[in-house]
file my_file-v6.cif (mmCIF, C-alpha atoms and all ligand atoms)
data_target
#
loop_
_atom_site.label_atom_id
_atom_site.label_comp_id
_atom_site.auth_asym_id
_atom_site.auth_seq_id
_atom_site.Cartn_x
_atom_site.Cartn_y
_atom_site.Cartn_z
CA MET T 1 -0.83 15.27 -2.52
CA ASN T 2 0.69 18.44 -3.88
CA ILE T 3 4.51 18.22 -3.82
CA LEU T 4 6.56 21.41 -3.47
CA ILE T 5 10.34 21.05 -3.48
CA SER T 6 12.66 23.66 -2.00
CA PRO T 7 16.46 23.67 -2.27
CA ASP T 8 17.07 23.27 1.47
CA LEU T 9 15.48 23.42 4.91
CA ASP T 10 15.88 27.21 5.08
CA SER T 11 13.87 27.86 1.95
CA LEU T 12 11.39 25.12 2.92
CA SER T 13 10.88 26.88 6.28
CA THR T 14 10.26 30.17 4.49
CA ARG T 15 7.69 28.51 2.24
CA ALA T 16 5.98 26.87 5.25
CA SER T 17 5.91 30.19 7.12
CA GLU T 18 4.35 31.95 4.12
CA ILE T 19 1.59 29.32 4.07
CA VAL T 20 0.90 29.59 7.81
CA ILE T 21 1.10 33.41 7.81
CA ALA T 22 -1.35 33.56 4.89
CA ALA T 23 -3.73 31.26 6.82
CA ILE T 24 -3.58 33.55 9.89
CA ARG T 25 -4.11 36.70 7.80
CA ALA T 26 -7.02 35.11 5.92
CA LYS T 27 -8.67 33.86 9.12
CA PRO T 28 -7.43 35.61 12.28
CA ASP T 29 -9.22 33.04 14.47
CA VAL T 30 -7.63 30.13 12.61
CA VAL T 31 -7.17 26.81 14.45
CA LEU T 32 -3.67 25.45 13.85
CA GLY T 33 -2.42 21.93 14.55
CA LEU T 34 1.30 22.13 15.36
CA PRO T 35 4.23 19.71 15.41
CA THR T 36 7.48 19.66 17.40
CA GLY T 37 10.89 18.25 16.41
CA ARG T 38 13.85 19.70 14.54
CA THR T 39 12.13 20.25 11.21
CA PRO T 40 9.70 23.04 12.23
CA LEU T 41 12.26 25.14 14.15
CA GLY T 42 12.83 27.45 11.17
CA LEU T 43 9.07 27.81 10.70
CA TYR T 44 8.62 28.93 14.31
CA GLU T 45 11.57 31.34 14.02
CA ARG T 46 9.91 32.95 11.01
CA LEU T 47 6.50 33.15 12.71
CA VAL T 48 8.09 34.89 15.72
CA HIS T 49 9.89 37.26 13.34
CA ALA T 50 6.65 38.01 11.50
CA HIS T 51 4.97 38.80 14.83
CA ARG T 52 7.78 41.10 15.98
CA GLU T 53 8.64 42.81 12.72
CA ARG T 54 5.48 42.63 10.64
CA GLY T 55 2.78 42.82 13.30
CA LEU T 56 1.42 39.32 12.71
CA ASP T 57 -1.36 39.04 15.28
CA PHE T 58 -1.90 35.73 17.09
CA SER T 59 -4.42 37.07 19.60
CA ARG T 60 -7.33 35.08 18.14
CA VAL T 61 -5.33 32.07 16.94
CA THR T 62 -5.95 28.70 18.62
CA THR T 63 -3.33 25.94 18.56
CA PHE T 64 -3.42 22.23 19.29
CA ASN T 65 -0.12 20.41 19.49
CA LEU T 66 0.16 16.94 18.05
CA ASP T 67 1.73 15.07 20.91
CA GLU T 68 3.53 14.84 24.24
CA TYR T 69 5.52 12.21 26.11
CA VAL T 70 3.66 10.37 28.89
CA GLY T 71 5.39 10.90 32.21
CA LEU T 72 6.86 14.35 31.55
CA SER T 73 5.30 17.29 33.35
CA PRO T 74 4.74 20.52 31.41
CA ASP T 75 7.65 22.06 33.37
CA ASP T 76 10.11 19.38 32.29
CA PRO T 77 12.63 21.01 29.92
CA ARG T 78 12.46 17.91 27.68
CA SER T 79 8.69 18.12 27.32
CA TYR T 80 6.98 19.45 24.22
CA HIS T 81 5.36 22.07 26.47
CA ALA T 82 8.86 23.43 27.10
CA TYR T 83 9.72 23.19 23.40
CA MET T 84 6.64 25.17 22.41
CA ARG T 85 7.27 27.86 25.04
CA GLU T 86 10.88 28.22 23.96
CA HIS T 87 10.28 28.32 20.23
CA LEU T 88 6.87 29.97 19.83
CA LEU T 89 4.53 30.59 22.74
CA ASP T 90 6.81 32.86 24.82
CA HIS T 91 7.40 35.10 21.80
CA VAL T 92 3.98 35.66 20.21
CA ASN T 93 0.63 36.84 21.57
CA ILE T 94 -1.35 33.58 21.60
CA PRO T 95 -3.49 33.87 24.77
CA GLU T 96 -2.57 31.11 27.22
CA GLY T 97 -5.97 29.42 27.13
CA ARG T 98 -5.82 29.12 23.36
CA ALA T 99 -2.56 27.12 23.17
CA HIS T 100 -3.29 23.44 23.78
CA ILE T 101 -0.70 20.71 24.30
CA PRO T 102 -1.49 17.23 25.61
CA ASP T 103 -0.51 16.86 29.28
CA GLY T 104 1.80 13.86 29.60
CA SER T 105 1.68 14.02 33.38
CA CYS T 106 -2.09 13.71 33.77
CA GLU T 107 -3.40 11.04 36.14
CA ARG T 108 -5.83 9.51 33.67
CA PRO T 109 -4.39 9.73 30.15
CA GLY T 110 -7.43 8.00 28.60
CA GLU T 111 -9.83 10.67 29.90
CA HIS T 112 -7.36 13.39 29.02
CA CYS T 113 -7.25 12.16 25.40
CA ALA T 114 -11.06 12.25 25.17
CA GLU T 115 -11.08 15.81 26.56
CA TYR T 116 -8.34 16.90 24.16
CA GLU T 117 -10.31 15.49 21.24
CA ALA T 118 -13.48 17.23 22.47
CA GLY T 119 -11.50 20.48 22.74
CA ILE T 120 -10.52 20.24 19.08
CA ARG T 121 -14.16 19.67 18.11
CA GLN T 122 -15.37 22.58 20.28
CA ALA T 123 -12.83 24.87 18.61
CA GLY T 124 -14.49 23.99 15.28
CA GLY T 125 -11.85 21.49 14.14
CA ILE T 126 -8.35 22.13 12.86
CA ASP T 127 -8.12 24.49 9.88
CA MET T 128 -4.47 23.83 9.11
CA GLN T 129 -2.51 20.87 10.44
CA VAL T 130 1.26 21.26 10.16
CA LEU T 131 3.15 17.95 10.30
CA GLY T 132 6.62 16.49 10.36
CA ILE T 133 7.35 12.89 9.37
CA GLY T 134 9.39 10.28 11.22
CA VAL T 135 12.09 8.13 9.59
CA ASN T 136 9.55 5.30 9.86
CA GLY T 137 6.75 7.34 8.28
CA HIS T 138 5.02 8.28 11.52
CA LEU T 139 2.83 11.38 11.87
CA GLY T 140 2.73 12.79 15.38
CA PHE T 141 3.39 9.60 17.35
CA ASN T 142 1.17 7.49 15.11
CA GLU T 143 3.71 4.75 14.54
CA PRO T 144 3.59 2.04 11.84
CA GLY T 145 0.54 -0.14 12.48
CA ALA T 146 -1.48 2.72 14.02
CA SER T 147 -5.19 2.96 13.36
CA LEU T 148 -5.81 5.12 10.31
CA ALA T 149 -9.02 6.41 11.91
CA ALA T 150 -8.24 6.95 15.62
CA GLY T 151 -8.69 10.13 17.63
CA THR T 152 -6.28 11.32 20.33
CA HIS T 153 -4.90 8.32 22.20
CA VAL T 154 -2.00 6.89 24.18
CA THR T 155 0.56 4.98 22.15
CA ALA T 156 3.89 3.20 22.53
CA LEU T 157 6.84 4.69 20.67
CA ALA T 158 8.51 2.61 17.97
CA PRO T 159 12.21 1.75 18.44
CA GLU T 160 13.18 4.00 15.47
CA THR T 161 11.42 6.92 17.12
CA ILE T 162 13.13 6.31 20.45
CA GLN T 163 16.45 6.25 18.61
CA ALA T 164 15.68 9.36 16.55
CA ASN T 165 14.57 11.36 19.62
CA ALA T 166 17.39 10.25 21.94
CA TYR T 167 19.25 13.52 21.18
CA ALA T 168 16.82 15.37 23.46
CA PHE T 169 17.29 12.94 26.36
CA GLY T 170 21.02 12.19 26.31
CA THR T 171 20.58 8.45 25.77
CA GLU T 172 17.91 6.13 24.38
CA GLU T 173 17.19 4.67 27.84
CA HIS T 174 15.88 8.02 29.01
CA VAL T 175 13.37 8.48 26.19
CA PRO T 176 9.82 7.83 27.49
CA HIS T 177 8.23 4.77 25.89
CA LEU T 178 4.67 6.12 25.83
CA ALA T 179 3.11 9.26 24.41
CA VAL T 180 -0.23 10.95 23.90
CA THR T 181 -0.80 11.67 20.22
CA VAL T 182 -3.53 13.20 18.13
CA GLY T 183 -4.70 10.30 15.93
CA LEU T 184 -4.70 9.94 12.17
CA GLY T 185 -8.50 10.23 12.11
CA THR T 186 -8.25 13.67 13.74
CA ILE T 187 -5.45 14.70 11.38
CA MET T 188 -7.56 13.64 8.39
CA HIS T 189 -10.40 15.88 9.60
CA ALA T 190 -8.16 18.96 9.39
CA ARG T 191 -9.22 21.17 6.50
CA ARG T 192 -5.65 21.46 5.18
CA CYS T 193 -2.50 19.46 5.94
CA VAL T 194 1.02 20.79 5.45
CA LEU T 195 3.70 18.10 5.72
CA MET T 196 7.32 19.23 6.13
CA ALA T 197 10.26 16.89 5.49
CA ALA T 198 13.94 17.70 5.17
CA GLY T 199 17.12 15.67 4.88
CA GLU T 200 18.06 12.40 3.23
CA ALA T 201 17.21 10.43 6.38
CA LYS T 202 13.55 11.12 5.52
CA ALA T 203 13.80 10.25 1.81
CA ASP T 204 12.56 6.63 2.14
CA ALA T 205 9.69 7.62 4.42
CA VAL T 206 8.71 10.42 2.02
CA ARG T 207 8.74 8.06 -0.94
CA ALA T 208 6.56 5.55 0.92
CA ALA T 209 4.19 8.33 2.02
CA VAL T 210 3.82 9.93 -1.40
CA GLU T 211 4.19 7.04 -3.84
CA GLY T 212 3.63 3.89 -1.82
CA PRO T 213 0.31 2.23 -1.03
CA VAL T 214 -1.96 3.78 1.59
CA THR T 215 -1.11 1.60 4.53
CA ALA T 216 -0.76 1.72 8.31
CA SER T 217 2.80 0.50 7.73
CA CYS T 218 3.55 4.06 6.64
CA PRO T 219 1.09 6.24 8.60
CA ALA T 220 1.91 9.36 6.55
CA SER T 221 0.60 7.60 3.42
CA ILE T 222 -2.93 8.32 4.73
CA LEU T 223 -2.37 11.88 3.48
CA GLN T 224 -2.87 10.54 -0.06
CA MET T 225 -6.54 10.33 0.92
CA HIS T 226 -6.66 13.93 2.16
CA PRO T 227 -8.38 16.38 -0.19
CA SER T 228 -5.99 19.24 0.58
CA ALA T 229 -2.54 18.07 1.61
CA VAL T 230 0.74 19.59 0.51
CA ALA T 231 4.19 18.06 1.09
CA LEU T 232 6.95 20.64 1.48
CA LEU T 233 10.21 18.80 0.82
CA ASP T 234 13.82 19.81 0.49
CA GLU T 235 15.91 18.29 -2.31
CA ALA T 236 17.41 15.68 0.01
CA ALA T 237 14.06 14.45 1.32
CA ALA T 238 12.69 14.34 -2.24
CA CYS T 239 15.67 12.49 -3.74
CA HIS T 240 14.13 8.98 -3.73
CA LEU T 241 10.85 9.99 -5.37
CA GLU T 242 10.36 8.11 -8.64
CA ARG T 243 8.30 10.80 -10.32
CA LEU T 244 10.45 13.71 -9.23
CA ASP T 245 10.63 15.25 -12.72
CA PHE T 246 6.87 15.26 -12.97
CA TYR T 247 6.48 16.89 -9.53
CA ARG T 248 8.94 19.60 -10.55
CA HIS T 249 7.00 20.19 -13.77
CA GLN T 250 3.74 20.29 -11.84
CA GLN T 251 5.27 22.73 -9.33
CA ARG T 252 6.43 25.10 -12.12
CA THR T 253 2.99 24.98 -13.71
CA TRP T 254 1.33 25.57 -10.37
CA GLU T 255 3.62 28.51 -9.52
CA ALA T 256 2.97 30.09 -12.91
CA LEU T 257 -0.79 29.82 -12.41
CA ALA T 258 -0.84 30.49 -8.65
CA ASP T 259 -2.64 33.83 -8.85
CA ARG T 260 -5.32 32.43 -11.20
CA LEU T 261 -6.13 29.19 -9.35
P1 LIG W 301 12.12 15.79 13.35
O1 LIG W 301 10.92 14.89 13.84
O2 LIG W 301 11.53 17.05 12.81
O3 LIG W 301 12.94 16.03 14.58
O4 LIG W 301 12.86 15.02 12.31
C1 LIG W 301 9.84 14.69 12.99
C2 LIG W 301 8.97 13.57 13.50
O5 LIG W 301 9.50 12.63 14.14
O6 LIG W 301 7.76 13.59 13.24
#
call {"tool": "encode", "arguments": {"input": "my_file-v6.cif", "output": "structure tokens"}}
result
Amino acid sequence: MNILISPDLDSLSTRASEIVIAAIRAKPDVVLGLPTGRTPLGLYERLVHAHRERGLDFSRVTTFNLDEYVGLSPDDPRSYHAYMREHLLDHVNIPEGRAHIPDGSCERPGEHCAEYEAGIRQAGGIDMQVLGIGVNGHLGFNEPGASLAAGTHVTALAPETIQANAYAFGTEEHVPHLAVTVGLGTIMHARRCVLMAAGEAKADAVRAAVEGPVTASCPASILQMHPSAVALLDEAAACHLERLDFYRHQQRTWEALADRL
């Protein structure tokens, strides 16, 4: 995994936006895998700004969101549908049929998952998968113990995730206990993965993901097996990494050579 450390979440968001914007400019019909949560808010703000101020065109972009709570309709303000409308989709020109988010209110979640997975395949697979990481190392809602090879599926949320996401629901009791998530197998088929992590609360999960063994106990550690994964960290999220000095050295070398690599 390539490790790039930024001073704070603001500069990390700028770096992430530069990577995504470059992907859209290089391939206007790019297929993006997108996360929700607090970490990518600055990324979405910058993408909206690039659309408004710099003419970034999303008209041929396709997106697949990572996950959605089971039991919430797309109209529910706490759903990830609502999150995506508020932070990205209402502000850029992605045609409606090209923005895909699992439907947590569908009657038959199992069939829906198979269709969602088929939709990703029909779109040609995900070119760039953007990811956050949970305090327990989850990717999407692939919680510790998840299959490292699964496609889109229904999963139970881990207690740490319910606790971490309670802010959006008022109290923990209101957080749904089930979700639809794109699986780790699907994530691993993406051509590039961009992991974003900020804040000291993520430092242990980041260390396990980057330097620990590849294990379902830390689902994000599967990215060590990905041929093109980059971890964008802020200083706080990077602070428990054992080989931090080496990553900084590597980053300086990489930045110096960037236009020749
Ligand atoms: P966060 O969520 O960005 O709100 O910390 C990330 C995640 O749980 O994957």
call {"tool": "residues_around", "arguments": {"input": "my_file-v6.cif", "residues": "Met84 in chain T", "least_positions_apart": "5", "cutoff": "9 Å", "atoms": "all atoms listed in the file", "output": "list in words"}}
result
Thr36, Asn65, Ser79, Leu89, Asp90 and Ile101 of chain T
call {"tool": "closest_residue", "arguments": {"input": "my_file-v6.cif", "among": "T:Glu255, T:Gly37, T:Leu47, T:Glu200", "to": "Thr161 in chain T", "atoms": "all atoms listed in the file"}}
result
T:Gly37
call {"tool": "closest_residue", "arguments": {"input": "my_file-v6.cif", "among": "T:Glu160, T:Asp234, T:Glu96, T:Asp259", "to": "ligand LIG 301 (chain W)", "atoms": "all atoms listed in the file"}}
result
T:Glu160
call {"tool": "residues_around", "arguments": {"input": "my_file-v6.cif", "residues": "range 106-114 of chain T", "least_positions_apart": "6", "cutoff": "12 Å", "atoms": "only C-alpha atoms", "output": "list in words"}}
result
Leu66, Asp67, Glu68, Tyr69, Val70, Gly71, Leu72, Ser73, Pro74, Ile120, Arg121, Ala150, Gly151, Thr152, His153, Val154, Thr155, Leu178, Ala179, Val180, Thr181, Val182, Gly183 and Thr186 of chain T
call {"tool": "closest_residue", "arguments": {"input": "my_file-v6.cif", "among": "T:Asn136, T:Ser217, T:Gln129, T:Thr62", "to": "ligand LIG 301 (chain W)", "atoms": "only C-alpha atoms and all ligand atoms"}}
result
T:Asn136
call {"tool": "closest_residue", "arguments": {"input": "my_file-v6.cif", "among": "T:Glu143, T:Asp10, T:Asp245, T:Glu235", "to": "ligand LIG 301 (chain W)", "atoms": "only C-alpha atoms and all ligand atoms"}}
result
T:Glu143
call {"tool": "closest_atom_pairs", "arguments": {"input": "my_file-v6.cif", "of": "chain T", "to": "ligand LIG 301 (chain W)", "cutoff": "8 Å", "atoms": "all atoms listed in the file", "output": "CSV"}}
result
residue,atom,partner,partner_atom,distance
T:Pro35,CA,W:LIG301,O6,7.4
T:Thr36,CA,W:LIG301,O2,6.7
T:Gly37,CA,W:LIG301,O3,3.5
T:Arg38,CA,W:LIG301,O3,3.8
T:Thr39,CA,W:LIG301,O2,3.6
T:Pro40,CA,W:LIG301,O2,6.3
T:Leu131,CA,W:LIG301,O6,7.0
T:Gly132,CA,W:LIG301,O6,4.2
T:Ile133,CA,W:LIG301,O6,4.0
T:Gly134,CA,W:LIG301,O5,3.7
T:Val135,CA,W:LIG301,O5,6.9
T:His138,CA,W:LIG301,O6,6.2
T:Leu139,CA,W:LIG301,O6,5.6
T:Gly140,CA,W:LIG301,O6,5.5
T:Phe141,CA,W:LIG301,O6,7.2
T:Thr161,CA,W:LIG301,O5,6.7
T:Ala164,CA,W:LIG301,O5,7.4
T:Asn165,CA,W:LIG301,O3,7.1
T:Ala197,CA,W:LIG301,O2,7.4
T:Ala198,CA,W:LIG301,O4,7.7
T:Lys202,CA,W:LIG301,O4,7.9
call {"tool": "atom_distance", "arguments": {"input": "my_file-v6.cif", "atom1": "CA of Glu115 in chain T", "atom2": "CA of Val194 in chain T"}}
result
24.8 Å
call {"tool": "closest_residue", "arguments": {"input": "my_file-v6.cif", "among": "T:Val206, T:Leu257, T:Leu56, T:Leu4", "to": "Ile24 in chain T", "atoms": "all atoms listed in the file"}}
result
T:Leu56
call {"tool": "atom_distance", "arguments": {"input": "my_file-v6.cif", "atom1": "CA of Arg46 in chain T", "atom2": "CA of Thr14 in chain T"}}
result
7.1 Å
call {"tool": "atom_distance", "arguments": {"input": "my_file-v6.cif", "atom1": "CA of Arg207 in chain T", "atom2": "CA of Ala156 in chain T"}}
result
24.5 Å
